[in-house]
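A.B. asks: Following this line is final.cif, made up of mmCIF, C-alpha atoms and all ligand atoms:
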```
data_run
loop_
_atom_site.group_PDB
_atom_site.id
_atom_site.type_symbol
_atom_site.label_atom_id
_atom_site.label_comp_id
_atom_site.auth_asym_id
_atom_site.auth_seq_id
_atom_site.Cartn_x
_atom_site.Cartn_y
_atom_site.Cartn_z
ATOM 1 C CA MET A 776 51.581 -5.623 56.371
ATOM 2 C CA GLU A 777 50.244 -2.195 55.520
ATOM 3 C CA ILE A 778 47.304 -0.477 57.220
ATOM 4 C CA ILE A 779 45.412 1.899 54.928
ATOM 5 C CA GLU A 780 42.690 4.252 56.124
ATOM 6 C CA SER A 781 42.197 6.361 53.025
ATOM 7 C CA VAL A 782 39.637 5.247 50.428
ATOM 8 C CA LYS A 783 41.604 6.956 47.639
ATOM 9 C CA GLU A 784 44.896 5.363 48.700
ATOM 10 C CA MET A 785 43.321 1.908 48.820
ATOM 11 C CA GLN A 786 41.776 2.407 45.394
ATOM 12 C CA SER A 787 45.119 3.540 43.887
ATOM 13 C CA LEU A 788 46.942 0.592 45.428
ATOM 14 C CA ALA A 789 44.304 -1.854 44.125
ATOM 15 C CA THR A 790 44.551 -0.281 40.663
ATOM 16 C CA ALA A 791 48.344 -0.734 40.754
ATOM 17 C CA PHE A 792 48.045 -4.387 41.872
ATOM 18 C CA ARG A 793 45.628 -5.042 39.029
ATOM 19 C CA ALA A 794 47.919 -3.297 36.505
ATOM 20 C CA GLU A 795 50.683 -5.692 37.611
ATOM 21 C CA GLY A 796 48.298 -8.591 36.922
ATOM 22 C CA LYS A 797 48.018 -9.530 40.604
ATOM 23 C CA ARG A 798 44.969 -11.382 41.871
ATOM 24 C CA ILE A 799 43.355 -9.685 44.880
ATOM 25 C CA ALA A 800 41.467 -11.623 47.570
ATOM 26 C CA LEU A 801 39.325 -9.691 50.063
ATOM 27 C CA VAL A 802 38.055 -10.731 53.493
ATOM 28 C CA PRO A 803 35.506 -8.110 54.608
ATOM 29 C CA THR A 804 35.153 -7.924 58.408
ATOM 30 C CA MET A 805 33.946 -5.640 61.165
ATOM 31 C CA GLY A 806 37.051 -6.476 63.204
ATOM 32 C CA TYR A 807 37.476 -8.008 66.649
ATOM 33 C CA LEU A 808 38.857 -10.925 64.707
ATOM 34 C CA HIS A 809 38.629 -14.538 65.809
ATOM 35 C CA GLU A 810 39.516 -17.958 64.444
ATOM 36 C CA GLY A 811 36.531 -17.830 62.066
ATOM 37 C CA HIS A 812 38.009 -14.746 60.375
ATOM 38 C CA ALA A 813 41.475 -16.344 60.430
ATOM 39 C CA SER A 814 40.111 -19.344 58.507
ATOM 40 C CA LEU A 815 38.751 -16.970 55.822
ATOM 41 C CA MET A 816 42.116 -15.202 55.676
ATOM 42 C CA ARG A 817 44.106 -18.427 55.364
ATOM 43 C CA GLU A 818 41.865 -19.547 52.487
ATOM 44 C CA GLY A 819 42.085 -16.036 50.967
ATOM 45 C CA ARG A 820 45.877 -16.303 51.157
ATOM 46 C CA SER A 821 45.725 -19.342 48.875
ATOM 47 C CA LEU A 822 43.300 -17.647 46.428
ATOM 48 C CA GLY A 823 45.054 -14.316 45.824
ATOM 49 C CA GLU A 824 48.560 -12.955 45.414
ATOM 50 C CA ILE A 825 47.415 -9.954 47.420
ATOM 51 C CA LEU A 826 45.293 -10.531 50.495
ATOM 52 C CA VAL A 827 43.296 -7.562 51.820
ATOM 53 C CA ALA A 828 41.213 -7.651 55.003
ATOM 54 C CA SER A 829 38.829 -4.776 55.563
ATOM 55 C CA ILE A 830 37.992 -3.772 59.115
ATOM 56 C CA PHE A 831 35.023 -1.446 59.311
ATOM 57 C CA VAL A 832 32.177 -1.399 61.808
ATOM 58 C CA ASN A 833 29.582 -0.342 59.284
ATOM 59 C CA PRO A 834 27.049 2.030 60.885
ATOM 60 C CA ALA A 835 24.622 1.507 57.986
ATOM 61 C CA GLN A 836 23.873 -2.100 58.961
ATOM 62 C CA PHE A 837 22.957 -1.386 62.596
ATOM 63 C CA GLY A 838 19.420 -0.349 63.533
ATOM 64 C CA ALA A 839 18.401 2.085 66.269
ATOM 65 C CA GLY A 840 18.984 0.504 69.690
ATOM 66 C CA GLU A 841 21.409 -2.094 68.299
ATOM 67 C CA ASP A 842 25.029 -2.505 69.417
ATOM 68 C CA PHE A 843 26.883 -0.172 67.011
ATOM 69 C CA ASP A 844 28.417 1.885 69.854
ATOM 70 C CA SER A 845 29.363 -1.075 72.003
ATOM 71 C CA TYR A 846 30.556 -3.333 69.146
ATOM 72 C CA PRO A 847 34.050 -4.485 70.210
ATOM 73 C CA ARG A 848 36.928 -2.679 68.459
ATOM 74 C CA ASP A 849 40.673 -3.360 68.819
ATOM 75 C CA LEU A 850 42.735 -2.552 65.728
ATOM 76 C CA GLU A 851 46.046 -3.394 67.408
ATOM 77 C CA ARG A 852 44.915 -6.905 68.330
ATOM 78 C CA ASP A 853 43.269 -7.334 64.912
ATOM 79 C CA SER A 854 46.487 -6.297 63.154
ATOM 80 C CA ARG A 855 48.459 -9.016 64.966
ATOM 81 C CA LEU A 856 45.929 -11.703 64.064
ATOM 82 C CA ALA A 857 45.685 -10.527 60.441
ATOM 83 C CA ALA A 858 49.493 -10.465 60.068
ATOM 84 C CA GLU A 859 49.698 -14.019 61.449
ATOM 85 C CA ALA A 860 47.059 -15.138 58.930
ATOM 86 C CA GLY A 861 49.106 -13.694 56.047
ATOM 87 C CA VAL A 862 47.186 -10.489 55.298
ATOM 88 C CA ASP A 863 49.119 -7.995 53.124
ATOM 89 C CA VAL A 864 46.883 -4.960 53.563
ATOM 90 C CA ILE A 865 44.340 -3.992 56.213
ATOM 91 C CA PHE A 866 41.829 -1.490 54.884
ATOM 92 C CA ALA A 867 40.306 0.318 57.862
ATOM 93 C CA PRO A 868 38.405 3.336 56.571
ATOM 94 C CA ARG A 869 36.742 6.040 58.663
ATOM 95 C CA ALA A 870 32.941 6.152 58.620
ATOM 96 C CA SER A 871 33.095 9.807 57.531
ATOM 97 C CA ASP A 872 35.001 8.742 54.374
ATOM 98 C CA MET A 873 32.665 5.855 53.587
ATOM 99 C CA TYR A 874 29.513 7.911 54.163
ATOM 100 C CA PRO A 875 30.490 11.566 53.675
ATOM 101 C CA PRO A 876 27.949 14.374 54.052
ATOM 102 C CA GLY A 877 25.452 14.232 51.195
ATOM 103 C CA TYR A 878 25.697 10.435 50.865
ATOM 104 C CA GLN A 879 22.478 8.999 49.367
ATOM 105 C CA SER A 880 23.131 5.811 47.350
ATOM 106 C CA TRP A 881 22.062 2.349 48.475
ATOM 107 C CA VAL A 882 22.087 -1.214 47.167
ATOM 108 C CA ASP A 883 18.962 -3.216 47.902
ATOM 109 C CA VAL A 884 18.415 -6.933 47.308
ATOM 110 C CA GLU A 885 14.670 -7.539 47.484
ATOM 111 C CA ARG A 886 13.036 -10.905 48.262
ATOM 112 C CA LEU A 887 15.996 -12.715 49.863
ATOM 113 C CA THR A 888 16.338 -10.004 52.505
ATOM 114 C CA LEU A 889 12.720 -10.216 53.725
ATOM 115 C CA PRO A 890 12.774 -13.260 56.050
ATOM 116 C CA LEU A 891 15.032 -14.314 58.947
ATOM 117 C CA CYS A 892 17.473 -11.549 60.005
ATOM 118 C CA GLY A 893 15.934 -9.229 57.414
ATOM 119 C CA GLY A 894 12.591 -9.564 59.233
ATOM 120 C CA SER A 895 14.033 -8.858 62.673
ATOM 121 C CA ARG A 896 16.547 -6.220 61.588
ATOM 122 C CA PRO A 897 14.841 -3.960 59.031
ATOM 123 C CA GLY A 898 17.402 -2.138 56.858
ATOM 124 C CA HIS A 899 20.259 -4.383 58.012
ATOM 125 C CA PHE A 900 20.888 -6.032 54.644
ATOM 126 C CA ARG A 901 20.628 -2.748 52.766
ATOM 127 C CA GLY A 902 23.543 -1.587 54.917
ATOM 128 C CA VAL A 903 25.455 -4.823 54.308
ATOM 129 C CA THR A 904 25.017 -4.910 50.524
ATOM 130 C CA THR A 905 25.819 -1.209 50.224
ATOM 131 C CA VAL A 906 29.064 -1.463 52.174
ATOM 132 C CA VAL A 907 30.115 -4.693 50.451
ATOM 133 C CA CYS A 908 29.462 -3.093 47.052
ATOM 134 C CA LYS A 909 31.534 -0.072 48.120
ATOM 135 C CA LEU A 910 34.342 -2.339 49.381
ATOM 136 C CA PHE A 911 34.323 -4.175 46.039
ATOM 137 C CA ASN A 912 34.643 -0.814 44.221
ATOM 138 C CA ILE A 913 37.481 0.348 46.479
ATOM 139 C CA VAL A 914 39.521 -2.875 46.931
ATOM 140 C CA MET A 915 38.659 -4.262 43.466
ATOM 141 C CA PRO A 916 39.002 -7.905 44.533
ATOM 142 C CA HIS A 917 38.910 -10.854 42.136
ATOM 143 C CA THR A 918 37.543 -12.977 44.959
ATOM 144 C CA ALA A 919 35.906 -12.265 48.338
ATOM 145 C CA LEU A 920 35.363 -14.642 51.233
ATOM 146 C CA PHE A 921 32.449 -14.744 53.694
ATOM 147 C CA GLY A 922 31.558 -17.123 56.530
ATOM 148 C CA LYS A 923 28.498 -19.362 56.415
ATOM 149 C CA LYS A 924 27.544 -18.427 59.987
ATOM 150 C CA ASP A 925 25.916 -15.377 58.405
ATOM 151 C CA TYR A 926 24.155 -17.696 55.988
ATOM 152 C CA GLN A 927 21.549 -15.229 54.742
ATOM 153 C CA GLN A 928 24.211 -12.537 54.317
ATOM 154 C CA LEU A 929 26.221 -14.879 52.084
ATOM 155 C CA ALA A 930 23.112 -15.716 50.010
ATOM 156 C CA VAL A 931 22.243 -12.011 49.667
ATOM 157 C CA ILE A 932 25.795 -11.083 48.628
ATOM 158 C CA ARG A 933 25.850 -13.886 46.050
ATOM 159 C CA ARG A 934 22.535 -12.570 44.661
ATOM 160 C CA MET A 935 23.780 -8.961 44.527
ATOM 161 C CA THR A 936 27.023 -9.997 42.814
ATOM 162 C CA ALA A 937 25.155 -12.012 40.184
ATOM 163 C CA ASP A 938 22.335 -9.495 39.659
ATOM 164 C CA LEU A 939 24.678 -6.517 39.313
ATOM 165 C CA ASN A 940 27.253 -8.386 37.178
ATOM 166 C CA MET A 941 30.051 -7.773 39.630
ATOM 167 C CA ALA A 942 33.228 -9.548 38.520
ATOM 168 C CA VAL A 943 33.980 -10.935 41.976
ATOM 169 C CA GLU A 944 34.001 -14.635 42.810
ATOM 170 C CA ILE A 945 32.219 -15.173 46.137
ATOM 171 C CA VAL A 946 33.569 -17.950 48.368
ATOM 172 C CA GLY A 947 31.535 -19.241 51.337
ATOM 173 C CA MET A 948 33.498 -20.821 54.164
ATOM 174 C CA PRO A 949 32.333 -23.306 56.836
ATOM 175 C CA ILE A 950 31.298 -22.143 60.312
ATOM 176 C CA VAL A 951 34.173 -22.354 62.797
ATOM 177 C CA ARG A 952 33.105 -23.548 66.247
ATOM 178 C CA GLU A 953 34.647 -23.578 69.703
ATOM 179 C CA ALA A 954 35.474 -27.075 71.042
ATOM 180 C CA ASP A 955 32.066 -27.212 72.801
ATOM 181 C CA GLY A 956 30.119 -26.279 69.652
ATOM 182 C CA LEU A 957 29.530 -22.526 70.083
ATOM 183 C CA ALA A 958 29.812 -20.828 66.684
ATOM 184 C CA MET A 959 32.607 -18.243 66.753
ATOM 185 C CA SER A 960 31.398 -14.646 66.693
ATOM 186 C CA SER A 961 32.800 -11.280 67.733
ATOM 187 C CA ARG A 962 29.596 -10.853 69.772
ATOM 188 C CA ASN A 963 30.541 -13.858 71.973
ATOM 189 C CA ALA A 964 32.766 -11.310 73.753
ATOM 190 C CA TYR A 965 29.574 -9.832 75.287
ATOM 191 C CA LEU A 966 28.634 -13.085 77.063
ATOM 192 C CA THR A 967 29.196 -13.576 80.799
ATOM 193 C CA PRO A 968 30.532 -17.062 81.725
ATOM 194 C CA ALA A 969 26.986 -18.158 82.655
ATOM 195 C CA GLU A 970 25.555 -16.794 79.375
ATOM 196 C CA ARG A 971 28.395 -18.455 77.449
ATOM 197 C CA GLU A 972 27.164 -21.778 78.919
ATOM 198 C CA SER A 973 23.524 -20.976 78.059
ATOM 199 C CA ALA A 974 24.524 -20.073 74.496
ATOM 200 C CA LEU A 975 25.378 -23.719 73.848
ATOM 201 C CA CYS A 976 21.627 -24.322 73.428
ATOM 202 C CA LEU A 977 21.914 -23.018 69.837
ATOM 203 C CA SER A 978 24.435 -25.580 68.589
ATOM 204 C CA ARG A 979 22.788 -28.312 70.691
ATOM 205 C CA ALA A 980 19.415 -27.575 69.111
ATOM 206 C CA LEU A 981 20.926 -27.755 65.618
ATOM 207 C CA GLY A 982 22.614 -31.048 66.547
ATOM 208 C CA GLU A 983 19.274 -32.425 67.754
ATOM 209 C CA ALA A 984 17.527 -31.355 64.519
ATOM 210 C CA ARG A 985 20.207 -33.095 62.501
ATOM 211 C CA THR A 986 19.972 -36.270 64.570
ATOM 212 C CA LEU A 987 16.189 -36.365 64.146
ATOM 213 C CA PHE A 988 16.535 -35.726 60.403
ATOM 214 C CA ARG A 989 19.073 -38.526 60.057
ATOM 215 C CA GLY A 990 16.691 -40.748 61.987
ATOM 216 C CA GLY A 991 14.082 -40.158 59.256
ATOM 217 C CA GLU A 992 12.061 -37.198 60.599
ATOM 218 C CA ARG A 993 10.947 -34.984 57.695
ATOM 219 C CA ASP A 994 8.116 -32.931 59.208
ATOM 220 C CA ALA A 995 9.510 -29.383 59.319
ATOM 221 C CA ALA A 996 6.918 -28.209 61.872
ATOM 222 C CA LEU A 997 7.819 -31.050 64.204
ATOM 223 C CA LEU A 998 11.558 -30.458 63.812
ATOM 224 C CA ARG A 999 10.961 -26.782 64.575
ATOM 225 C CA GLU A 1000 8.924 -27.680 67.687
ATOM 226 C CA LYS A 1001 11.765 -29.835 69.033
ATOM 227 C CA ILE A 1002 14.288 -27.039 68.477
ATOM 228 C CA VAL A 1003 12.021 -24.463 70.119
ATOM 229 C CA ALA A 1004 11.473 -26.763 73.122
ATOM 230 C CA LEU A 1005 15.201 -27.304 73.550
ATOM 231 C CA ILE A 1006 15.988 -23.590 73.415
ATOM 232 C CA THR A 1007 13.102 -22.429 75.604
ATOM 233 C CA ALA A 1008 14.246 -24.917 78.274
ATOM 234 C CA GLU A 1009 17.232 -22.602 78.693
ATOM 235 C CA PRO A 1010 16.066 -19.779 81.021
ATOM 236 C CA ALA A 1011 18.486 -17.130 79.663
ATOM 237 C CA ALA A 1012 17.417 -17.733 76.045
ATOM 238 C CA ARG A 1013 14.766 -15.766 74.131
ATOM 239 C CA ILE A 1014 14.002 -16.926 70.599
ATOM 240 C CA ASP A 1015 14.012 -14.339 67.805
ATOM 241 C CA TYR A 1016 13.384 -16.953 65.116
ATOM 242 C CA VAL A 1017 13.718 -20.675 64.459
ATOM 243 C CA GLU A 1018 13.064 -21.460 60.813
ATOM 244 C CA LEU A 1019 13.426 -24.254 58.275
ATOM 245 C CA ARG A 1020 13.921 -22.926 54.756
ATOM 246 C CA ASP A 1021 15.261 -23.956 51.389
ATOM 247 C CA MET A 1022 19.018 -23.368 51.418
ATOM 248 C CA GLU A 1023 18.941 -21.446 48.121
ATOM 249 C CA THR A 1024 15.624 -19.597 47.812
ATOM 250 C CA LEU A 1025 15.186 -19.209 51.599
ATOM 251 C CA ASP A 1026 11.512 -20.112 51.053
ATOM 252 C CA GLU A 1027 9.801 -21.896 53.953
ATOM 253 C CA VAL A 1028 9.514 -25.691 53.668
ATOM 254 C CA ALA A 1029 6.882 -28.039 55.014
ATOM 255 C CA ALA A 1030 8.931 -31.194 54.417
ATOM 256 C CA ALA A 1031 12.614 -31.127 55.308
ATOM 257 C CA ASN A 1032 15.219 -32.555 52.957
ATOM 258 C CA GLU A 1033 19.005 -32.556 52.551
ATOM 259 C CA ARG A 1034 18.849 -28.973 51.230
ATOM 260 C CA THR A 1035 16.938 -27.576 54.178
ATOM 261 C CA LEU A 1036 18.552 -24.750 56.098
ATOM 262 C CA VAL A 1037 17.800 -24.629 59.817
ATOM 263 C CA ALA A 1038 18.415 -21.037 60.891
ATOM 264 C CA LEU A 1039 18.283 -19.703 64.446
ATOM 265 C CA ALA A 1040 18.502 -16.286 66.061
ATOM 266 C CA VAL A 1041 18.366 -16.315 69.843
ATOM 267 C CA LYS A 1042 18.981 -13.663 72.460
ATOM 268 C CA ILE A 1043 21.100 -14.818 75.379
ATOM 269 C CA GLY A 1044 20.663 -12.053 77.920
ATOM 270 C CA LYS A 1045 21.204 -8.934 75.819
ATOM 271 C CA THR A 1046 23.312 -10.651 73.158
ATOM 272 C CA ARG A 1047 21.674 -11.731 69.921
ATOM 273 C CA LEU A 1048 23.383 -14.807 68.451
ATOM 274 C CA ILE A 1049 22.748 -16.588 65.166
ATOM 275 C CA ASP A 1050 23.639 -20.089 64.028
ATOM 276 C CA ASN A 1051 22.542 -22.475 61.305
ATOM 277 C CA CYS A 1052 23.078 -25.781 59.587
ATOM 278 C CA VAL A 1053 22.020 -27.379 56.330
ATOM 279 C CA LEU A 1054 20.510 -30.758 57.207
ATOM 280 C CA GLY A 1055 22.290 -32.669 54.449
ATOM 281 C CA GLU A 1056 25.701 -31.104 55.056
ATOM 282 C CA GLU A 1057 28.350 -31.840 57.686
ATOM 283 C CA ASN A 1058 28.912 -28.279 58.970
HETATM 284 O O1 LIG B 1 29.865 -10.113 58.294
HETATM 285 C C1 LIG B 1 30.330 -8.992 58.592
HETATM 286 O O2 LIG B 1 31.263 -8.863 59.396
HETATM 287 C C2 LIG B 1 29.745 -7.744 57.942
HETATM 288 O O3 LIG B 1 28.372 -7.864 57.771
HETATM 289 C C3 LIG B 1 30.430 -7.368 56.606
HETATM 290 C C4 LIG B 1 30.235 -8.426 55.549
HETATM 291 C C5 LIG B 1 31.924 -7.144 56.860
HETATM 292 C C6 LIG B 1 29.823 -6.065 56.082
HETATM 293 O O4 LIG B 1 29.977 -5.027 56.997
#
```
Translate the structure described by the file into structure tokens.
Ligand code: PAF

C.D. replies:
Amino acid sequence: MEIIESVKEMQSLATAFRAEGKRIALVPTMGYLHEGHASLMREGRSLGEILVASIFVNPAQFGAGEDFDSYPRDLERDSRLAAEAGVDVIFAPRASDMYPPGYQSWVDVERLTLPLCGGSRPGHFRGVTTVVCKLFNIVMPHTALFGKKDYQQLAVIRRMTADLNMAVEIVGMPIVREADGLAMSSRNAYLTPAERESALCLSRALGEARTLFRGGERDAALLREKIVALITAEPAARIDYVELRDMETLDEVAAANERTLVALAVKIGKTRLIDNCVLGEEN
């Protein structure tokens, strides 16, 4: 497995792979890899002859006062996990190469980025779409894989790829959970043991919403109320949002159906966690 830091070197290598007719799969990450990333990499391994994982804590998607400085970083540990998952190339650029002095170009997806995390984290998705577009231009993948835990991010990236005619097939992969239901996230590393326990209220609340839906409940406001009650019963939890939206348009719904996305963002202590489910789907 090779580790490449230089943008130019990565671009030349990708050009050479393409000239040889090799299919490139990309798993974009911010590092501190976990089993969720490994599942994307294993699937990527089966979709490309060359598997690239990017590791870049992208400053452009963090707002003032967010956790850019404290975001966990460990390239040595990440390299071991990526090698085990079959990665051929890690692309780990420096921020000064990705955003050199004079940088002033941004990719903006409009309506889809307004609600949910876009509402609570202004500018976040502009940073995400810009860096993903740049990664596509540098790594030149045929296919790129993203987890459904960041549901809105996946929807926004699909929109950008379609709108800007990018020749990259976007693959969304199921949320990977710990045995007790907690959705895997690099930010789980921030949680104390007590907070880790409290954080289970997210997956429990989604489970409850699903059970009620399967029992015939269709009133979105009532489903939301039940979720809110379950989460607020947890003293360490502070709700950022609890929303029921159409899984494709992300428009709010009054009546839930199989295509309704239940999306949550909750602060446990200082750690902001997100989770979601689509009511008609298993994961
Ligand atoms: O999901 C992430 O880890 C990041 O948002 C991504 C897609 C790698 C862009 O920085």

A.B. asks: Which residues sit within 10 Å of ligand LIG 1 (chain B), counting all atoms listed in the file, listed as a compact mmCIF listing (two decimals) with C-alpha atoms, in the coordinates of the input?

C.D. replies:
```txt
# COMPACT_ATOMS: atom_id res chain seq x y z
CA VAL A 802 38.06 -10.73 53.49
CA PRO A 803 35.51 -8.11 54.61
CA THR A 804 35.15 -7.92 58.41
CA MET A 805 33.95 -5.64 61.16
CA GLY A 806 37.05 -6.48 63.20
CA TYR A 807 37.48 -8.01 66.65
CA LEU A 808 38.86 -10.92 64.71
CA HIS A 812 38.01 -14.75 60.38
CA ALA A 828 41.21 -7.65 55.00
CA SER A 829 38.83 -4.78 55.56
CA ILE A 830 37.99 -3.77 59.12
CA PHE A 831 35.02 -1.45 59.31
CA VAL A 832 32.18 -1.40 61.81
CA ASN A 833 29.58 -0.34 59.28
CA PRO A 834 27.05 2.03 60.88
CA ALA A 835 24.62 1.51 57.99
CA GLN A 836 23.87 -2.10 58.96
CA PHE A 837 22.96 -1.39 62.60
CA HIS A 899 20.26 -4.38 58.01
CA PHE A 900 20.89 -6.03 54.64
CA GLY A 902 23.54 -1.59 54.92
CA VAL A 903 25.46 -4.82 54.31
CA THR A 904 25.02 -4.91 50.52
CA THR A 905 25.82 -1.21 50.22
CA VAL A 906 29.06 -1.46 52.17
CA VAL A 907 30.12 -4.69 50.45
CA CYS A 908 29.46 -3.09 47.05
CA LEU A 910 34.34 -2.34 49.38
CA ALA A 919 35.91 -12.26 48.34
CA LEU A 920 35.36 -14.64 51.23
CA PHE A 921 32.45 -14.74 53.69
CA GLY A 922 31.56 -17.12 56.53
CA LYS A 923 28.50 -19.36 56.42
CA LYS A 924 27.54 -18.43 59.99
CA ASP A 925 25.92 -15.38 58.40
CA TYR A 926 24.16 -17.70 55.99
CA GLN A 928 24.21 -12.54 54.32
CA LEU A 929 26.22 -14.88 52.08
CA ILE A 932 25.80 -11.08 48.63
CA SER A 960 31.40 -14.65 66.69
CA SER A 961 32.80 -11.28 67.73
```

A.B. asks: Take the PyMOL selection byres (((chain A and resi 850) around 9) and not hetatm), apply it to the structure above, and return the hits as a PyMOL selection string.

C.D. replies: chain A and resi 806-807+830+848-849+851-855+867

A.B. asks: Would you save the residues of that selection, restricted to C-alpha atoms, as a PDB file, in the coordinates of the input?

C.D. replies:
```
ATOM      1  CA  GLY A 806      37.051  -6.476  63.204  1.00  0.00           C
ATOM      2  CA  TYR A 807      37.476  -8.008  66.649  1.00  0.00           C
ATOM      3  CA  ILE A 830      37.992  -3.772  59.115  1.00  0.00           C
ATOM      4  CA  ARG A 848      36.928  -2.679  68.459  1.00  0.00           C
ATOM      5  CA  ASP A 849      40.673  -3.360  68.819  1.00  0.00           C
ATOM      6  CA  GLU A 851      46.046  -3.394  67.408  1.00  0.00           C
ATOM      7  CA  ARG A 852      44.915  -6.905  68.330  1.00  0.00           C
ATOM      8  CA  ASP A 853      43.269  -7.334  64.912  1.00  0.00           C
ATOM      9  CA  SER A 854      46.487  -6.297  63.154  1.00  0.00           C
ATOM     10  CA  ARG A 855      48.459  -9.016  64.966  1.00  0.00           C
ATOM     11  CA  ALA A 867      40.306   0.318  57.862  1.00  0.00           C
TER      12      ALA A 867
END
```

A.B. asks: Out of A:Ile825, A:Ala860, A:Met941, A:Ala1008, which residue has the shortest atom-to-atom distance to Gly811 in chain A when counting all atoms listed in the file?

C.D. replies: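 Distance minimum relative to Gly811 in chain A lands on A:Ala860.
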
A.B. asks: Using all atoms listed in the file, which protein or nucleic acid residues come within 12 Å of Gly893 in chain A? Drop anything in the same chain fewer than 2 positions from it, and give the result as a PyMOL selection string.

C.D. replies: chain A and resi 836-838+883-891+895-903+925-928+931+1015-1016+1025+1040

A.B. asks: Using the chain letters and numbering of this document, enumerate as a list in words the residues selected by the PyMOL selection byres (((chain A and resi 1041) around 8) and not hetatm).

C.D. replies: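 What the PyMOL selection byres (((chain A and resi 1041) around 8) and not hetatm) grabs from the file is Leu977, Ala1012, Arg1013, Ile1014, Asp1015, Tyr1016, Leu1039, Ala1040, Lys1042, Ile1043, Arg1047, Leu1048 and Ile1049 of chain A.
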
A.B. asks: Report, in Å with one decimal, the straight-line distance from CA of Phe843 in chain A to CA of Glu780 in chain A.

C.D. replies: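 That distance, rounded to one decimal, is 19.7 Å.
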
A.B. asks: Could you tell me how far CA of Thr1035 in chain A sits from CA of Ala813 in chain A, in Å to one decimal place?

C.D. replies: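 Computing it gives 27.7 Å between the two atoms.
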
A.B. asks: For a quick check of understanding, using all atoms listed in the file, which of A:Glu824, A:Glu1009, A:Asp844, A:Asp1026 has the smallest distance to Ala980 in chain A?

C.D. replies: A:Glu1009

A.B. asks: Could you state which residues are captured by the PyMOL selection byres (((chain A and resi 957) around 12) and not hetatm) in this file, as a ChimeraX atom specification?

C.D. replies: /A:811,924,950-956,958-963,966,970-982,1048-1051
